[in-house]
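Chemist: To start, I am sharing the structure in question, which I have written as structure tokens.
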Amino acid sequence: MENITAVKSKIELIDEEITQKYADELRAKESRIDFTKDGWVEEMRSIESEYRVKIEPELTFIRRTIGEVLAGNKFKDLQAIGTILNETQRLKNYITPTFDELDENIQSGSHEYVVLSLLLFEARNLEPDARDEMIYFGDLLRFCGSKAVDIKPILQKLLPYASEERKYGAYSVHTLIHNAIEETVEPVQKQK
């Protein structure tokens, strides 16, 4: 099993690759956006989506590596992975799967990206903005509910590794996950 130092090296290598490999092309496209005209938001989203597609092989590799290492080490390095990712240039902005990527992963019969998204949420520990993280968590729970993903067993498994450090009033990652477990209803199985 890889140790945290080996994973850190891989994360840094992938970050450097996705930052350098497509940087000129990305900057050129971004510099052509006219923020004074209607449609600039859609244009920016289109550029971001195109960039995500280009770096997809790197993202898939590092996501799988992080998931395997965390599971293999019984999640003891969760906070360390969060710190390493936070120090990256671009990877920190792209490592969490989008809802489209989650949907695609679920459609393939896997919950790997759901687990990874929850692990990355735990690793960020409500940083850099607690309200944004809480909104994301709520959106993730609703998304899983809409896709009939039974998230309760996943949350129960990850709860012991969630930080109890209060970041927003009385809220910590632990309390958010605990409350979600209490409120989560198992998805209704489709009638045949």
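Chains: A, B, ... in order of the structure tokens. Residues: from 1 per chain. Ligands: from 1, in order shown.
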Using only C-alpha atoms, determine which residues lie at most 12 Å from Ile55 (chain A), disregarding the query and same-chain residues fewer than 4 positions distant; provide the list as a PDB file with N, CA and C atoms, in the first residue's frame.
Modeler:
```pdb
ATOM      1  N   ILE A  14       0.531  15.288 -10.966  1.00  0.00           N
ATOM      2  CA  ILE A  14      -0.699  15.483 -11.728  1.00  0.00           C
ATOM      3  C   ILE A  14      -1.060  16.968 -11.764  1.00  0.00           C
ATOM      4  N   ASP A  15      -0.915  17.652 -10.639  1.00  0.00           N
ATOM      5  CA  ASP A  15      -1.226  19.084 -10.595  1.00  0.00           C
ATOM      6  C   ASP A  15      -0.340  19.852 -11.564  1.00  0.00           C
ATOM      7  N   GLU A  16       0.932  19.530 -11.548  1.00  0.00           N
ATOM      8  CA  GLU A  16       1.861  20.203 -12.466  1.00  0.00           C
ATOM      9  C   GLU A  16       1.480  19.903 -13.910  1.00  0.00           C
ATOM     10  N   GLU A  17       1.126  18.661 -14.182  1.00  0.00           N
ATOM     11  CA  GLU A  17       0.776  18.278 -15.544  1.00  0.00           C
ATOM     12  C   GLU A  17      -0.474  18.997 -16.030  1.00  0.00           C
ATOM     13  N   ILE A  18      -1.530  19.021 -15.219  1.00  0.00           N
ATOM     14  CA  ILE A  18      -2.759  19.665 -15.687  1.00  0.00           C
ATOM     15  C   ILE A  18      -2.633  21.187 -15.693  1.00  0.00           C
ATOM     16  N   THR A  19      -1.707  21.715 -14.899  1.00  0.00           N
ATOM     17  CA  THR A  19      -1.487  23.158 -14.891  1.00  0.00           C
ATOM     18  C   THR A  19      -0.664  23.571 -16.103  1.00  0.00           C
ATOM     19  N   GLN A  20       0.371  22.810 -16.424  1.00  0.00           N
ATOM     20  CA  GLN A  20       1.275  23.172 -17.515  1.00  0.00           C
ATOM     21  C   GLN A  20       0.803  22.702 -18.887  1.00  0.00           C
ATOM     22  N   LYS A  21       0.296  21.482 -18.944  1.00  0.00           N
ATOM     23  CA  LYS A  21      -0.006  20.840 -20.224  1.00  0.00           C
ATOM     24  C   LYS A  21      -0.983  21.643 -21.087  1.00  0.00           C
ATOM     25  N   TYR A  22      -2.001  22.209 -20.454  1.00  0.00           N
ATOM     26  CA  TYR A  22      -3.033  22.896 -21.215  1.00  0.00           C
ATOM     27  C   TYR A  22      -3.117  24.378 -20.862  1.00  0.00           C
ATOM     28  N   ALA A  23      -2.143  24.876 -20.105  1.00  0.00           N
ATOM     29  CA  ALA A  23      -2.224  26.233 -19.574  1.00  0.00           C
ATOM     30  C   ALA A  23      -2.323  27.300 -20.661  1.00  0.00           C
ATOM     31  N   LEU A  26      -5.727  27.183 -22.429  1.00  0.00           N
ATOM     32  CA  LEU A  26      -6.789  27.620 -21.521  1.00  0.00           C
ATOM     33  C   LEU A  26      -6.747  29.136 -21.334  1.00  0.00           C
ATOM     34  N   GLU A  48     -14.504  25.648 -19.257  1.00  0.00           N
ATOM     35  CA  GLU A  48     -14.223  24.792 -18.099  1.00  0.00           C
ATOM     36  C   GLU A  48     -14.567  23.333 -18.404  1.00  0.00           C
ATOM     37  N   SER A  49     -15.718  23.118 -19.045  1.00  0.00           N
ATOM     38  CA  SER A  49     -16.128  21.744 -19.387  1.00  0.00           C
ATOM     39  C   SER A  49     -15.141  21.106 -20.353  1.00  0.00           C
ATOM     40  N   GLU A  50     -14.730  21.859 -21.339  1.00  0.00           N
ATOM     41  CA  GLU A  50     -13.751  21.360 -22.318  1.00  0.00           C
ATOM     42  C   GLU A  50     -12.428  21.014 -21.632  1.00  0.00           C
ATOM     43  N   TYR A  51     -12.011  21.870 -20.694  1.00  0.00           N
ATOM     44  CA  TYR A  51     -10.776  21.632 -19.943  1.00  0.00           C
ATOM     45  C   TYR A  51     -10.896  20.358 -19.117  1.00  0.00           C
ATOM     46  N   LEU A  59      -7.399  13.119 -14.000  1.00  0.00           N
ATOM     47  CA  LEU A  59      -8.326  13.158 -12.869  1.00  0.00           C
ATOM     48  C   LEU A  59      -8.740  11.757 -12.443  1.00  0.00           C
ATOM     49  N   THR A  60      -9.064  10.927 -13.413  1.00  0.00           N
ATOM     50  CA  THR A  60      -9.474   9.554 -13.108  1.00  0.00           C
ATOM     51  C   THR A  60      -8.374   8.822 -12.357  1.00  0.00           C
ATOM     52  N   PHE A  61      -7.148   8.947 -12.836  1.00  0.00           N
ATOM     53  CA  PHE A  61      -6.015   8.281 -12.194  1.00  0.00           C
ATOM     54  C   PHE A  61      -5.833   8.743 -10.750  1.00  0.00           C
ATOM     55  N   ILE A  62      -5.806  10.062 -10.529  1.00  0.00           N
ATOM     56  CA  ILE A  62      -5.502  10.553  -9.187  1.00  0.00           C
ATOM     57  C   ILE A  62      -6.688  10.339  -8.247  1.00  0.00           C
ATOM     58  N   ARG A  90      -4.155  23.828  -9.541  1.00  0.00           N
ATOM     59  CA  ARG A  90      -5.415  23.624 -10.243  1.00  0.00           C
ATOM     60  C   ARG A  90      -6.181  22.390  -9.773  1.00  0.00           C
ATOM     61  N   LEU A  91      -5.476  21.402  -9.321  1.00  0.00           N
ATOM     62  CA  LEU A  91      -6.127  20.133  -8.980  1.00  0.00           C
ATOM     63  C   LEU A  91      -7.213  20.318  -7.925  1.00  0.00           C
ATOM     64  N   TYR A  94     -10.545  20.872  -9.429  1.00  0.00           N
ATOM     65  CA  TYR A  94     -11.093  19.885 -10.368  1.00  0.00           C
ATOM     66  C   TYR A  94     -11.212  18.479  -9.803  1.00  0.00           C
ATOM     67  N   ILE A  95     -10.641  18.225  -8.644  1.00  0.00           N
ATOM     68  CA  ILE A  95     -10.596  16.859  -8.105  1.00  0.00           C
ATOM     69  C   ILE A  95     -11.985  16.334  -7.738  1.00  0.00           C
TER      70      ILE A  95
END
```
Chemist: I need the residues in region 83-192 of chain A that are alpha helix (DSSP H) according to DSSP; give them as an mmCIF file with C-alpha atoms, in the first residue's frame.
Modeler:
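selection27.cif was written with the following content:
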```cif
data_model
loop_
_atom_site.group_PDB
_atom_site.id
_atom_site.type_symbol
_atom_site.label_atom_id
_atom_site.label_comp_id
_atom_site.auth_asym_id
_atom_site.auth_seq_id
_atom_site.Cartn_x
_atom_site.Cartn_y
_atom_site.Cartn_z
ATOM 1 C CA THR A 83 -4.024 19.655 3.090
ATOM 2 C CA ILE A 84 -1.999 18.362 0.127
ATOM 3 C CA LEU A 85 -4.871 18.983 -2.303
ATOM 4 C CA ASN A 86 -5.451 22.464 -0.922
ATOM 5 C CA LEU A 91 -6.127 20.133 -8.980
ATOM 6 C CA LYS A 92 -7.975 21.428 -5.900
ATOM 7 C CA ASN A 93 -10.540 22.994 -8.255
ATOM 8 C CA TYR A 94 -11.093 19.885 -10.368
ATOM 9 C CA PHE A 99 -22.696 16.142 -10.778
ATOM 10 C CA ASP A 100 -22.512 15.076 -14.443
ATOM 11 C CA GLU A 101 -19.480 12.910 -13.648
ATOM 12 C CA LEU A 102 -21.279 11.521 -10.600
ATOM 13 C CA ASP A 103 -24.301 10.694 -12.734
ATOM 14 C CA GLU A 104 -22.160 8.948 -15.325
ATOM 15 C CA ASN A 105 -20.399 6.949 -12.597
ATOM 16 C CA ILE A 106 -23.712 5.944 -11.009
ATOM 17 C CA GLN A 107 -25.135 4.962 -14.411
ATOM 18 C CA GLU A 112 -16.965 5.234 -6.365
ATOM 19 C CA TYR A 113 -17.395 8.942 -7.144
ATOM 20 C CA VAL A 114 -20.120 9.365 -4.501
ATOM 21 C CA VAL A 115 -17.737 7.977 -1.872
ATOM 22 C CA LEU A 116 -14.871 10.076 -3.235
ATOM 23 C CA SER A 117 -17.012 13.230 -3.180
ATOM 24 C CA LEU A 118 -17.926 12.590 0.448
ATOM 25 C CA LEU A 119 -14.304 11.862 1.362
ATOM 26 C CA LEU A 120 -13.153 15.077 -0.287
ATOM 27 C CA PHE A 121 -15.915 16.971 1.513
ATOM 28 C CA GLU A 122 -14.633 15.532 4.804
ATOM 29 C CA ALA A 123 -11.031 16.317 3.889
ATOM 30 C CA ARG A 124 -11.839 19.984 3.135
ATOM 31 C CA ALA A 130 -18.207 26.788 5.364
ATOM 32 C CA ARG A 131 -21.492 27.990 3.867
ATOM 33 C CA ASP A 132 -20.460 26.972 0.346
ATOM 34 C CA GLU A 133 -19.378 23.566 1.641
ATOM 35 C CA MET A 134 -22.662 23.089 3.497
ATOM 36 C CA ILE A 135 -24.625 24.009 0.359
ATOM 37 C CA TYR A 136 -22.517 21.564 -1.663
ATOM 38 C CA PHE A 137 -23.161 18.802 0.886
ATOM 39 C CA GLY A 138 -26.912 19.453 0.764
ATOM 40 C CA ASP A 139 -26.836 19.427 -3.056
ATOM 41 C CA LEU A 140 -24.876 16.168 -3.011
ATOM 42 C CA LEU A 141 -27.419 14.539 -0.687
ATOM 43 C CA ARG A 142 -30.341 15.701 -2.860
ATOM 44 C CA PHE A 143 -28.565 14.493 -5.991
ATOM 45 C CA CYS A 144 -28.000 11.047 -4.480
ATOM 46 C CA GLY A 145 -31.642 10.933 -3.414
ATOM 47 C CA SER A 146 -32.785 11.814 -6.930
ATOM 48 C CA LYS A 152 -26.986 6.247 4.462
ATOM 49 C CA PRO A 153 -24.611 3.211 4.697
ATOM 50 C CA ILE A 154 -21.857 5.254 3.031
ATOM 51 C CA LEU A 155 -22.369 8.116 5.486
ATOM 52 C CA GLN A 156 -22.382 5.696 8.429
ATOM 53 C CA LYS A 157 -19.105 4.198 7.277
ATOM 54 C CA LEU A 158 -17.462 7.622 6.860
ATOM 55 C CA VAL A 173 -18.400 17.982 9.271
ATOM 56 C CA HIS A 174 -19.253 15.357 11.885
ATOM 57 C CA THR A 175 -22.530 17.051 12.881
ATOM 58 C CA LEU A 176 -23.532 17.559 9.251
ATOM 59 C CA ILE A 177 -22.960 13.903 8.408
ATOM 60 C CA HIS A 178 -24.601 12.729 11.642
ATOM 61 C CA ASN A 179 -27.677 14.897 10.933
ATOM 62 C CA ALA A 180 -27.806 13.607 7.357
ATOM 63 C CA ILE A 181 -27.776 10.006 8.611
ATOM 64 C CA GLU A 182 -30.638 10.790 10.988
ATOM 65 C CA GLU A 183 -32.665 12.486 8.254
#
```
Chemist: If you measure from CA of Gly109 (chain A) to CA of Ile66 (chain A), what distance in Å do you get, rounded to one decimal?
Modeler: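 Separation between CA of Gly109 (chain A) and CA of Ile66 (chain A): 20.1 Å.
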Chemist: Between A:Asp150, A:Asp129, A:Glu87, A:Glu25, single out the one closest to Thr184 (chain A), counting only C-alpha atoms.
Modeler: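 Residue with the minimum atom-to-atom distance to Thr184 (chain A): A:Asp150.
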Chemist: Using only C-alpha atoms, pick whichever of A:Ser31, A:Gln89, A:Ser46, A:Thr96 has the shortest atom-to-atom distance to Arg64 (chain A).
Modeler: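 Closest to Arg64 (chain A) of all the choices is A:Thr96.
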Chemist: Closest to Lys8 (chain A) among A:Leu126, A:Ala170, A:Ile151, A:Ala80, using only C-alpha atoms?
Modeler: A:Ala80
Chemist: Of the candidates A:Ser163, A:Ala148, A:Arg32, A:Ser110, which one gets nearest to Glu127 (chain A) if we count only C-alpha atoms?
Modeler: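 Smallest distance to Glu127 (chain A) is found for A:Ser163.
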Chemist: Measuring atom to atom with only C-alpha atoms, identify which of A:Ser108, A:Ser9, A:Asn3, A:Asn125 is nearest to Gly82 (chain A).
Modeler: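 That would be A:Asn125, the residue with the smallest distance to Gly82 (chain A).
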Chemist: Between CA of Glu30 (chain A) and CA of Met44 (chain A), what is the distance, to one decimal in Å?
Modeler: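 Going from CA of Glu30 (chain A) over to CA of Met44 (chain A) covers 7.2 Å.
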